[in-house]
$ cat structure05.txt   # compact mmCIF, N, CA and C atoms
# COMPACT_ATOMS: atom_id res chain seq x y z
N MET A 1 64.83 43.47 -2.52
CA MET A 1 64.14 42.60 -1.60
C MET A 1 64.17 43.16 -0.18
N ARG A 2 65.22 43.87 0.17
CA ARG A 2 65.29 44.41 1.53
C ARG A 2 64.21 45.44 1.77
N ASP A 3 63.83 46.19 0.73
CA ASP A 3 62.75 47.15 0.88
C ASP A 3 61.43 46.43 1.14
N ILE A 4 61.23 45.32 0.48
CA ILE A 4 60.02 44.53 0.70
C ILE A 4 60.02 43.95 2.11
N GLU A 5 61.18 43.50 2.58
CA GLU A 5 61.27 42.99 3.95
C GLU A 5 60.91 44.08 4.96
N ARG A 6 61.42 45.27 4.77
CA ARG A 6 61.11 46.37 5.69
C ARG A 6 59.62 46.68 5.68
N LEU A 7 59.02 46.67 4.51
CA LEU A 7 57.59 46.92 4.40
C LEU A 7 56.79 45.82 5.10
N LEU A 8 57.19 44.57 4.91
CA LEU A 8 56.51 43.46 5.58
C LEU A 8 56.62 43.56 7.10
N VAL A 9 57.79 43.91 7.59
CA VAL A 9 57.99 44.02 9.04
C VAL A 9 57.14 45.17 9.59
N ALA A 10 57.14 46.30 8.93
CA ALA A 10 56.35 47.43 9.41
C ALA A 10 54.85 47.12 9.38
N ALA A 11 54.39 46.50 8.30
CA ALA A 11 52.98 46.13 8.21
C ALA A 11 52.63 45.07 9.25
N ASN A 12 53.53 44.14 9.49
CA ASN A 12 53.29 43.09 10.48
C ASN A 12 53.15 43.70 11.88
N LEU A 13 54.09 44.53 12.26
CA LEU A 13 54.06 45.10 13.60
C LEU A 13 52.85 46.00 13.82
N SER A 14 52.62 46.90 12.89
CA SER A 14 51.49 47.81 13.06
C SER A 14 50.15 47.08 12.96
N GLY A 15 50.06 46.14 12.03
CA GLY A 15 48.81 45.38 11.88
C GLY A 15 48.51 44.52 13.09
N ARG A 16 49.53 43.87 13.63
CA ARG A 16 49.32 43.03 14.82
C ARG A 16 48.90 43.85 16.02
N LEU A 17 49.54 44.99 16.22
CA LEU A 17 49.15 45.84 17.35
C LEU A 17 47.73 46.35 17.19
N LEU A 18 47.38 46.80 15.99
CA LEU A 18 46.03 47.30 15.73
C LEU A 18 44.99 46.19 15.89
N MET A 19 45.26 45.03 15.32
CA MET A 19 44.30 43.94 15.41
C MET A 19 44.25 43.35 16.82
N GLY A 20 45.34 43.42 17.55
CA GLY A 20 45.32 42.99 18.94
C GLY A 20 44.45 43.90 19.79
N VAL A 21 44.51 45.19 19.52
CA VAL A 21 43.68 46.15 20.23
C VAL A 21 42.20 45.89 19.91
N ARG A 22 41.92 45.55 18.67
CA ARG A 22 40.53 45.29 18.25
C ARG A 22 40.07 43.87 18.54
N HIS A 23 40.97 43.00 18.99
CA HIS A 23 40.68 41.57 19.23
C HIS A 23 40.17 40.90 17.96
N ASP A 24 40.79 41.21 16.84
CA ASP A 24 40.37 40.69 15.54
C ASP A 24 41.47 39.83 14.95
N PRO A 25 41.29 38.50 14.89
CA PRO A 25 42.34 37.62 14.37
C PRO A 25 42.36 37.52 12.84
N ALA A 26 41.67 38.39 12.14
CA ALA A 26 41.62 38.32 10.67
C ALA A 26 42.97 38.62 10.03
N TRP A 27 43.89 39.20 10.77
CA TRP A 27 45.20 39.55 10.22
C TRP A 27 46.09 38.33 10.05
N PHE A 28 45.82 37.25 10.77
CA PHE A 28 46.66 36.05 10.71
C PHE A 28 46.76 35.47 9.31
N PRO A 29 45.66 35.19 8.60
CA PRO A 29 45.80 34.63 7.24
C PRO A 29 46.45 35.60 6.26
N ILE A 30 46.20 36.88 6.44
CA ILE A 30 46.80 37.87 5.54
C ILE A 30 48.31 37.90 5.74
N GLN A 31 48.72 37.87 7.00
CA GLN A 31 50.15 37.89 7.31
C GLN A 31 50.83 36.62 6.80
N LEU A 32 50.23 35.47 7.02
CA LEU A 32 50.81 34.22 6.53
C LEU A 32 50.95 34.22 5.02
N ALA A 33 49.92 34.70 4.33
CA ALA A 33 49.97 34.74 2.87
C ALA A 33 51.04 35.72 2.38
N ALA A 34 51.18 36.85 3.03
CA ALA A 34 52.17 37.84 2.61
C ALA A 34 53.59 37.30 2.78
N PHE A 35 53.88 36.68 3.91
CA PHE A 35 55.22 36.15 4.13
C PHE A 35 55.50 34.94 3.22
N ALA A 36 54.50 34.11 2.99
CA ALA A 36 54.69 32.97 2.09
C ALA A 36 54.95 33.44 0.67
N LEU A 37 54.21 34.44 0.24
CA LEU A 37 54.42 35.00 -1.09
C LEU A 37 55.82 35.61 -1.22
N TYR A 38 56.26 36.29 -0.17
CA TYR A 38 57.61 36.86 -0.19
C TYR A 38 58.67 35.77 -0.33
N VAL A 39 58.55 34.70 0.44
CA VAL A 39 59.53 33.62 0.40
C VAL A 39 59.58 32.98 -0.99
N VAL A 40 58.43 32.71 -1.55
CA VAL A 40 58.37 32.06 -2.87
C VAL A 40 58.90 33.00 -3.96
N LEU A 41 58.47 34.25 -3.96
CA LEU A 41 58.92 35.18 -5.01
C LEU A 41 60.41 35.48 -4.91
N ALA A 42 60.94 35.58 -3.71
CA ALA A 42 62.38 35.81 -3.55
C ALA A 42 63.17 34.61 -4.06
N ASP A 43 62.68 33.41 -3.79
CA ASP A 43 63.36 32.21 -4.27
C ASP A 43 63.32 32.13 -5.79
N ARG A 44 62.18 32.41 -6.37
CA ARG A 44 62.08 32.36 -7.84
C ARG A 44 62.96 33.41 -8.50
N ALA A 45 63.02 34.61 -7.92
CA ALA A 45 63.87 35.66 -8.50
C ALA A 45 65.34 35.26 -8.43
N LEU A 46 65.76 34.68 -7.32
CA LEU A 46 67.15 34.26 -7.19
C LEU A 46 67.47 33.12 -8.15
N ARG A 47 66.60 32.15 -8.25
CA ARG A 47 66.84 31.02 -9.15
C ARG A 47 66.84 31.46 -10.62
N ARG A 48 66.06 32.46 -10.93
CA ARG A 48 66.06 32.99 -12.30
C ARG A 48 67.39 33.67 -12.60
N ARG A 49 67.95 34.37 -11.61
CA ARG A 49 69.26 35.01 -11.81
C ARG A 49 70.38 33.99 -11.89
N ILE A 50 70.27 32.91 -11.14
CA ILE A 50 71.31 31.88 -11.15
C ILE A 50 71.36 31.18 -12.49
N GLY A 51 70.22 30.82 -13.01
CA GLY A 51 70.19 30.13 -14.30
C GLY A 51 70.54 28.66 -14.19
N PRO A 52 71.18 28.09 -15.21
CA PRO A 52 71.42 26.65 -15.22
C PRO A 52 72.64 26.17 -14.43
N ARG A 53 73.40 27.07 -13.82
CA ARG A 53 74.56 26.64 -13.04
C ARG A 53 74.09 25.86 -11.82
N HIS A 54 74.78 24.75 -11.51
CA HIS A 54 74.18 23.84 -10.54
C HIS A 54 74.75 23.91 -9.14
N TRP A 55 75.89 23.34 -8.87
CA TRP A 55 76.26 23.02 -7.50
C TRP A 55 76.44 24.20 -6.57
N PRO A 56 77.37 25.11 -6.78
CA PRO A 56 77.52 26.18 -5.78
C PRO A 56 76.31 27.10 -5.74
N SER A 57 75.74 27.38 -6.88
CA SER A 57 74.62 28.30 -6.93
C SER A 57 73.37 27.68 -6.32
N GLU A 58 73.19 26.40 -6.51
CA GLU A 58 72.03 25.71 -5.93
C GLU A 58 72.13 25.72 -4.40
N GLY A 59 73.32 25.55 -3.88
CA GLY A 59 73.51 25.61 -2.43
C GLY A 59 73.20 26.99 -1.88
N PHE A 60 73.62 28.02 -2.60
CA PHE A 60 73.33 29.39 -2.17
C PHE A 60 71.83 29.66 -2.23
N ALA A 61 71.16 29.15 -3.26
CA ALA A 61 69.71 29.33 -3.37
C ALA A 61 68.99 28.65 -2.22
N ARG A 62 69.43 27.45 -1.85
CA ARG A 62 68.82 26.76 -0.71
C ARG A 62 69.06 27.52 0.59
N PHE A 63 70.28 28.01 0.77
CA PHE A 63 70.60 28.79 1.96
C PHE A 63 69.73 30.04 2.03
N THR A 64 69.57 30.73 0.93
CA THR A 64 68.76 31.94 0.90
C THR A 64 67.30 31.63 1.18
N PHE A 65 66.79 30.55 0.60
CA PHE A 65 65.40 30.15 0.84
C PHE A 65 65.18 29.87 2.33
N ASN A 66 66.10 29.13 2.93
CA ASN A 66 65.97 28.82 4.36
C ASN A 66 66.08 30.06 5.22
N THR A 67 66.96 30.98 4.83
CA THR A 67 67.08 32.23 5.57
C THR A 67 65.79 33.03 5.49
N ASN A 68 65.20 33.12 4.31
CA ASN A 68 63.94 33.84 4.16
C ASN A 68 62.81 33.13 4.90
N LEU A 69 62.82 31.82 4.92
CA LEU A 69 61.81 31.07 5.65
C LEU A 69 61.94 31.31 7.15
N TYR A 70 63.18 31.35 7.64
CA TYR A 70 63.42 31.65 9.06
C TYR A 70 62.97 33.08 9.39
N PHE A 71 63.25 34.02 8.50
CA PHE A 71 62.81 35.40 8.66
C PHE A 71 61.29 35.46 8.80
N ALA A 72 60.60 34.75 7.92
CA ALA A 72 59.13 34.75 7.95
C ALA A 72 58.61 34.10 9.23
N ALA A 73 59.17 32.98 9.62
CA ALA A 73 58.71 32.29 10.83
C ALA A 73 58.93 33.14 12.08
N CYS A 74 60.05 33.79 12.16
CA CYS A 74 60.33 34.65 13.32
C CYS A 74 59.36 35.81 13.40
N HIS A 75 59.07 36.42 12.28
CA HIS A 75 58.18 37.56 12.30
C HIS A 75 56.72 37.15 12.49
N ILE A 76 56.35 35.97 12.07
CA ILE A 76 55.01 35.48 12.35
C ILE A 76 54.86 35.21 13.85
N ALA A 77 55.87 34.60 14.45
CA ALA A 77 55.84 34.37 15.90
C ALA A 77 55.85 35.68 16.67
N LEU A 78 56.66 36.63 16.24
CA LEU A 78 56.69 37.94 16.88
C LEU A 78 55.34 38.64 16.74
N GLY A 79 54.74 38.52 15.58
CA GLY A 79 53.42 39.13 15.37
C GLY A 79 52.36 38.51 16.27
N ALA A 80 52.40 37.19 16.44
CA ALA A 80 51.44 36.54 17.33
C ALA A 80 51.64 36.99 18.77
N LEU A 81 52.89 37.16 19.18
CA LEU A 81 53.18 37.64 20.53
C LEU A 81 52.67 39.07 20.71
N LEU A 82 52.91 39.92 19.74
CA LEU A 82 52.41 41.30 19.83
C LEU A 82 50.89 41.36 19.85
N PHE A 83 50.26 40.50 19.07
CA PHE A 83 48.80 40.41 19.06
C PHE A 83 48.28 40.06 20.45
N ALA A 84 48.90 39.07 21.09
CA ALA A 84 48.48 38.65 22.42
C ALA A 84 48.74 39.73 23.46
N VAL A 85 49.89 40.37 23.40
CA VAL A 85 50.21 41.43 24.36
C VAL A 85 49.26 42.61 24.20
N ALA A 86 49.01 43.03 22.97
CA ALA A 86 48.10 44.17 22.74
C ALA A 86 46.69 43.83 23.20
N GLY A 87 46.23 42.62 22.88
CA GLY A 87 44.89 42.21 23.31
C GLY A 87 44.77 42.14 24.82
N THR A 88 45.79 41.62 25.46
CA THR A 88 45.80 41.54 26.93
C THR A 88 45.84 42.92 27.56
N ALA A 89 46.66 43.79 27.03
CA ALA A 89 46.77 45.15 27.58
C ALA A 89 45.45 45.90 27.45
N VAL A 90 44.79 45.76 26.32
CA VAL A 90 43.50 46.44 26.14
C VAL A 90 42.46 45.81 27.05
N GLY A 91 42.51 44.49 27.23
CA GLY A 91 41.58 43.83 28.13
C GLY A 91 41.77 44.26 29.58
N ILE A 92 43.01 44.49 29.98
CA ILE A 92 43.28 44.92 31.35
C ILE A 92 42.81 46.36 31.56
N VAL A 93 43.03 47.21 30.56
CA VAL A 93 42.62 48.61 30.67
C VAL A 93 41.10 48.72 30.64
N GLY A 94 40.43 47.84 29.86
CA GLY A 94 38.97 47.82 29.87
C GLY A 94 38.31 48.45 28.66
N PHE A 95 39.00 48.49 27.54
CA PHE A 95 38.36 49.04 26.34
C PHE A 95 37.45 48.04 25.77
$ encode --input "structure05.txt" --output "structure tokens"
Amino acid sequence: MRDIERLLVAANLSGRLLMGVRHDPAWFPIQLAAFALYVVLADRALRRRIGPRHWPSEGFARFTFNTNLYFAACHIALGALLFAVAGTAVGIVGF
């Protein structure tokens, strides 16, 4: 999963900068869908490994889901900030 996280972060940063330069907000739905898919698939994979054990494992699964959700929310916010900064910088330069 960490390899997927690194790929998502790299794609998010480079995509936001590129789309900010182009003033194209089409990357927003793609980014949201990618992070949402990551959160759901990571949760399902963990719950499949846990199996029928309930209390301690269920708490760990909830903690992991919330951690992944926080990871996604932070990177979506960071991506929006980078999009705005790149768009503003290109607008100031005059491209």
$ axis_aligned_box --input "structure05.txt" --around "region 2-5 of chain A" --padding-each-side "4 Å" --output "lines of an AutoDock Vina configuration file"
center_x = 62.7
center_y = 45.1
center_z = 2.6
size_x = 13.3
size_y = 12.2
size_z = 12.8
$ closest_atom_pairs --input "structure05.txt" --of "region 39-85 of chain A" --to "region 13-20 of chain A" --cutoff "12 Å" --atoms "only C-alpha atoms" --output "Markdown table"
| residue | atom | partner | partner_atom | distance |
| --- | --- | --- | --- | --- |
| A:His75 | CA | A:Leu13 | CA | 8.7 |
| A:Ile76 | CA | A:Leu13 | CA | 9.7 |
| A:Ala77 | CA | A:Arg16 | CA | 10.9 |
| A:Leu78 | CA | A:Leu13 | CA | 8.3 |
| A:Gly79 | CA | A:Arg16 | CA | 5.7 |
| A:Ala80 | CA | A:Arg16 | CA | 7.3 |
| A:Leu81 | CA | A:Arg16 | CA | 8.7 |
| A:Leu82 | CA | A:Leu17 | CA | 6.1 |
| A:Phe83 | CA | A:Gly20 | CA | 4.3 |
| A:Ala84 | CA | A:Gly20 | CA | 6.4 |
| A:Val85 | CA | A:Gly20 | CA | 7.5 |
$ residues_near_point --input "structure05.txt" --point "(50.2, 40.3, 8.4)" --cutoff "7 Å" --atoms "all atoms listed in the file" --output "mmCIF file with N, CA and C atoms, in the frame of the given file"
data_model
loop_
_atom_site.group_PDB
_atom_site.id
_atom_site.type_symbol
_atom_site.label_atom_id
_atom_site.label_comp_id
_atom_site.auth_asym_id
_atom_site.auth_seq_id
_atom_site.Cartn_x
_atom_site.Cartn_y
_atom_site.Cartn_z
ATOM 1 N N ALA A 11 54.390 46.500 8.300
ATOM 2 C CA ALA A 11 52.980 46.130 8.210
ATOM 3 C C ALA A 11 52.630 45.070 9.250
ATOM 4 N N ASN A 12 53.530 44.140 9.490
ATOM 5 C CA ASN A 12 53.290 43.090 10.480
ATOM 6 C C ASN A 12 53.150 43.700 11.880
ATOM 7 N N LEU A 13 54.090 44.530 12.260
ATOM 8 C CA LEU A 13 54.060 45.100 13.600
ATOM 9 C C LEU A 13 52.850 46.000 13.820
ATOM 10 N N GLY A 15 50.060 46.140 12.030
ATOM 11 C CA GLY A 15 48.810 45.380 11.880
ATOM 12 C C GLY A 15 48.510 44.520 13.090
ATOM 13 N N ARG A 16 49.530 43.870 13.630
ATOM 14 C CA ARG A 16 49.320 43.030 14.820
ATOM 15 C C ARG A 16 48.900 43.850 16.020
ATOM 16 N N TRP A 27 43.890 39.200 10.770
ATOM 17 C CA TRP A 27 45.200 39.550 10.220
ATOM 18 C C TRP A 27 46.090 38.330 10.050
ATOM 19 N N PHE A 28 45.820 37.250 10.770
ATOM 20 C CA PHE A 28 46.660 36.050 10.710
ATOM 21 C C PHE A 28 46.760 35.470 9.310
ATOM 22 N N PRO A 29 45.660 35.190 8.600
ATOM 23 C CA PRO A 29 45.800 34.630 7.240
ATOM 24 C C PRO A 29 46.450 35.600 6.260
ATOM 25 N N ILE A 30 46.200 36.880 6.440
ATOM 26 C CA ILE A 30 46.800 37.870 5.540
ATOM 27 C C ILE A 30 48.310 37.900 5.740
ATOM 28 N N GLN A 31 48.720 37.870 7.000
ATOM 29 C CA GLN A 31 50.150 37.890 7.310
ATOM 30 C C GLN A 31 50.830 36.620 6.800
ATOM 31 N N LEU A 32 50.230 35.470 7.020
ATOM 32 C CA LEU A 32 50.810 34.220 6.530
ATOM 33 C C LEU A 32 50.950 34.220 5.020
ATOM 34 N N ALA A 33 49.920 34.700 4.330
ATOM 35 C CA ALA A 33 49.970 34.740 2.870
ATOM 36 C C ALA A 33 51.040 35.720 2.380
ATOM 37 N N ALA A 34 51.180 36.850 3.030
ATOM 38 C CA ALA A 34 52.170 37.840 2.610
ATOM 39 C C ALA A 34 53.590 37.300 2.780
ATOM 40 N N PHE A 35 53.880 36.680 3.910
ATOM 41 C CA PHE A 35 55.220 36.150 4.130
ATOM 42 C C PHE A 35 55.500 34.940 3.220
#
$ residues_around --input "structure05.txt" --residues "region 58-68 of chain A" --least-positions-apart "4" --cutoff "8 Å" --atoms "only N, CA and C atoms" --output "list in words"
Phe35, Tyr38, Val39, Val40, Ala42, Asp43, Leu46, Arg47, Ile50, Pro52, Arg53, His54, Ala72, Ala73 and Cys74 of chain A
$ atom_distance --input "structure05.txt" --atom1 "CA of Ala89 (chain A)" --atom2 "atom C of Ala10 (chain A)"
20.0 Å
$ atom_distance --input "structure05.txt" --atom1 "atom C of Leu41 (chain A)" --atom2 "atom C of Val9 (chain A)"
17.7 Å
$ atom_distance --input "structure05.txt" --atom1 "atom N of Arg6 (chain A)" --atom2 "atom N of Leu69 (chain A)"
13.5 Å
$ decode --input "structure05.txt" --residues "chain A" --atoms "C-alpha atoms" --output "PDB file, in the first residue's frame"
ATOM      1  CA  MET A   1       0.000   0.000   0.000  1.00  0.00           C
ATOM      2  CA  ARG A   2       2.875   2.389   0.639  1.00  0.00           C
ATOM      3  CA  ASP A   3       3.932   2.092  -2.995  1.00  0.00           C
ATOM      4  CA  ILE A   4       0.425   3.065  -4.058  1.00  0.00           C
ATOM      5  CA  GLU A   5       0.512   6.021  -1.654  1.00  0.00           C
ATOM      6  CA  ARG A   6       3.786   7.234  -3.153  1.00  0.00           C
ATOM      7  CA  LEU A   7       2.361   6.913  -6.652  1.00  0.00           C
ATOM      8  CA  LEU A   8      -0.771   8.835  -5.656  1.00  0.00           C
ATOM      9  CA  VAL A   9       1.265  11.619  -4.060  1.00  0.00           C
ATOM     10  CA  ALA A  10       3.559  11.941  -7.076  1.00  0.00           C
ATOM     11  CA  ALA A  11       0.636  11.935  -9.512  1.00  0.00           C
ATOM     12  CA  ASN A  12      -1.236  14.439  -7.346  1.00  0.00           C
ATOM     13  CA  LEU A  13       1.641  16.896  -7.128  1.00  0.00           C
ATOM     14  CA  SER A  14       2.687  16.719 -10.752  1.00  0.00           C
ATOM     15  CA  GLY A  15      -0.893  16.698 -12.040  1.00  0.00           C
ATOM     16  CA  ARG A  16      -1.917  19.676  -9.929  1.00  0.00           C
ATOM     17  CA  LEU A  17       1.080  21.721 -11.014  1.00  0.00           C
ATOM     18  CA  LEU A  18       0.524  20.857 -14.675  1.00  0.00           C
ATOM     19  CA  MET A  19      -3.210  21.513 -14.550  1.00  0.00           C
ATOM     20  CA  GLY A  20      -2.652  24.714 -12.584  1.00  0.00           C
ATOM     21  CA  VAL A  21      -0.329  25.951 -15.319  1.00  0.00           C
ATOM     22  CA  ARG A  22      -2.975  25.070 -17.928  1.00  0.00           C
ATOM     23  CA  HIS A  23      -5.847  26.501 -15.790  1.00  0.00           C
ATOM     24  CA  ASP A  24      -7.700  23.208 -16.276  1.00  0.00           C
ATOM     25  CA  PRO A  25      -9.763  21.981 -13.286  1.00  0.00           C
ATOM     26  CA  ALA A  26     -10.445  18.579 -14.899  1.00  0.00           C
ATOM     27  CA  TRP A  27      -7.924  16.971 -12.535  1.00  0.00           C
ATOM     28  CA  PHE A  28     -10.153  17.532  -9.483  1.00  0.00           C
ATOM     29  CA  PRO A  29     -12.657  14.681 -10.119  1.00  0.00           C
ATOM     30  CA  ILE A  30      -9.881  12.322 -11.172  1.00  0.00           C
ATOM     31  CA  GLN A  31      -7.920  13.057  -8.017  1.00  0.00           C
ATOM     32  CA  LEU A  32     -10.976  12.663  -5.781  1.00  0.00           C
ATOM     33  CA  ALA A  33     -11.856   9.346  -7.399  1.00  0.00           C
ATOM     34  CA  ALA A  34      -8.290   8.040  -7.098  1.00  0.00           C
ATOM     35  CA  PHE A  35      -7.996   8.865  -3.397  1.00  0.00           C
ATOM     36  CA  ALA A  36     -11.490   7.542  -2.644  1.00  0.00           C
ATOM     37  CA  LEU A  37     -10.693   4.299  -4.438  1.00  0.00           C
ATOM     38  CA  TYR A  38      -7.449   3.999  -2.484  1.00  0.00           C
ATOM     39  CA  VAL A  39      -9.227   4.481   0.861  1.00  0.00           C
ATOM     40  CA  VAL A  40     -11.926   1.927   0.062  1.00  0.00           C
ATOM     41  CA  LEU A  41      -9.572  -0.701  -1.386  1.00  0.00           C
ATOM     42  CA  ALA A  42      -7.117  -0.373   1.504  1.00  0.00           C
ATOM     43  CA  ASP A  43      -9.953  -0.819   3.990  1.00  0.00           C
ATOM     44  CA  ARG A  44     -11.322  -3.867   2.193  1.00  0.00           C
ATOM     45  CA  ALA A  45      -7.879  -5.472   1.971  1.00  0.00           C
ATOM     46  CA  LEU A  46      -7.282  -4.949   5.692  1.00  0.00           C
ATOM     47  CA  ARG A  47     -10.711  -6.259   6.680  1.00  0.00           C
ATOM     48  CA  ARG A  48     -10.188  -9.310   4.485  1.00  0.00           C
ATOM     49  CA  ARG A  49      -6.906 -10.031   6.293  1.00  0.00           C
ATOM     50  CA  ILE A  50      -8.514  -9.526   9.705  1.00  0.00           C
ATOM     51  CA  GLY A  51     -11.329 -11.955   9.054  1.00  0.00           C
ATOM     52  CA  PRO A  52     -14.016 -12.676  11.663  1.00  0.00           C
ATOM     53  CA  ARG A  53     -12.059 -11.479  14.729  1.00  0.00           C
ATOM     54  CA  HIS A  54     -13.984  -8.599  16.227  1.00  0.00           C
ATOM     55  CA  TRP A  55     -12.973  -6.180  18.943  1.00  0.00           C
ATOM     56  CA  PRO A  56      -9.259  -5.351  18.757  1.00  0.00           C
ATOM     57  CA  SER A  57      -9.019  -5.938  15.040  1.00  0.00           C
ATOM     58  CA  GLU A  58     -12.125  -3.888  14.291  1.00  0.00           C
ATOM     59  CA  GLY A  59     -10.641  -0.969  16.214  1.00  0.00           C
ATOM     60  CA  PHE A  60      -7.419  -1.218  14.240  1.00  0.00           C
ATOM     61  CA  ALA A  61      -9.381  -1.336  10.976  1.00  0.00           C
ATOM     62  CA  ARG A  62     -11.288   1.817  11.957  1.00  0.00           C
ATOM     63  CA  PHE A  63      -8.063   3.556  12.944  1.00  0.00           C
ATOM     64  CA  THR A  64      -6.446   2.615   9.636  1.00  0.00           C
ATOM     65  CA  PHE A  65      -9.486   3.758   7.648  1.00  0.00           C
ATOM     66  CA  ASN A  66      -9.465   7.128   9.409  1.00  0.00           C
ATOM     67  CA  THR A  67      -5.727   7.474   8.889  1.00  0.00           C
ATOM     68  CA  ASN A  68      -6.110   6.785   5.169  1.00  0.00           C
ATOM     69  CA  LEU A  69      -9.041   9.194   4.987  1.00  0.00           C
ATOM     70  CA  TYR A  70      -6.936  11.892   6.671  1.00  0.00           C
ATOM     71  CA  PHE A  71      -4.089  11.150   4.234  1.00  0.00           C
ATOM     72  CA  ALA A  72      -6.467  11.601   1.298  1.00  0.00           C
ATOM     73  CA  ALA A  73      -8.017  14.803   2.656  1.00  0.00           C
ATOM     74  CA  CYS A  74      -4.625  16.379   3.320  1.00  0.00           C
ATOM     75  CA  HIS A  75      -3.343  15.591  -0.137  1.00  0.00           C
ATOM     76  CA  ILE A  76      -6.524  16.825  -1.798  1.00  0.00           C
ATOM     77  CA  ALA A  77      -6.183  20.119   0.088  1.00  0.00           C
ATOM     78  CA  LEU A  78      -2.480  20.300  -0.780  1.00  0.00           C
ATOM     79  CA  GLY A  79      -3.305  19.614  -4.412  1.00  0.00           C
ATOM     80  CA  ALA A  80      -5.897  22.401  -4.482  1.00  0.00           C
ATOM     81  CA  LEU A  81      -3.350  24.789  -2.976  1.00  0.00           C
ATOM     82  CA  LEU A  82      -0.728  23.818  -5.553  1.00  0.00           C
ATOM     83  CA  PHE A  83      -3.290  24.226  -8.334  1.00  0.00           C
ATOM     84  CA  ALA A  84      -4.071  27.761  -7.139  1.00  0.00           C
ATOM     85  CA  VAL A  85      -0.412  28.716  -6.693  1.00  0.00           C
ATOM     86  CA  ALA A  86       0.586  27.377 -10.129  1.00  0.00           C
ATOM     87  CA  GLY A  87      -2.369  29.096 -11.798  1.00  0.00           C
ATOM     88  CA  THR A  88      -1.602  32.373 -10.050  1.00  0.00           C
ATOM     89  CA  ALA A  89       2.097  32.195 -10.888  1.00  0.00           C
ATOM     90  CA  VAL A  90       1.377  31.563 -14.562  1.00  0.00           C
ATOM     91  CA  GLY A  91      -1.189  34.371 -14.568  1.00  0.00           C
ATOM     92  CA  ILE A  92       1.340  36.788 -13.085  1.00  0.00           C
ATOM     93  CA  VAL A  93       4.031  35.800 -15.588  1.00  0.00           C
ATOM     94  CA  GLY A  94       1.533  36.175 -18.444  1.00  0.00           C
ATOM     95  CA  PHE A  95       1.391  32.821 -20.191  1.00  0.00           C
TER      96      PHE A  95
END
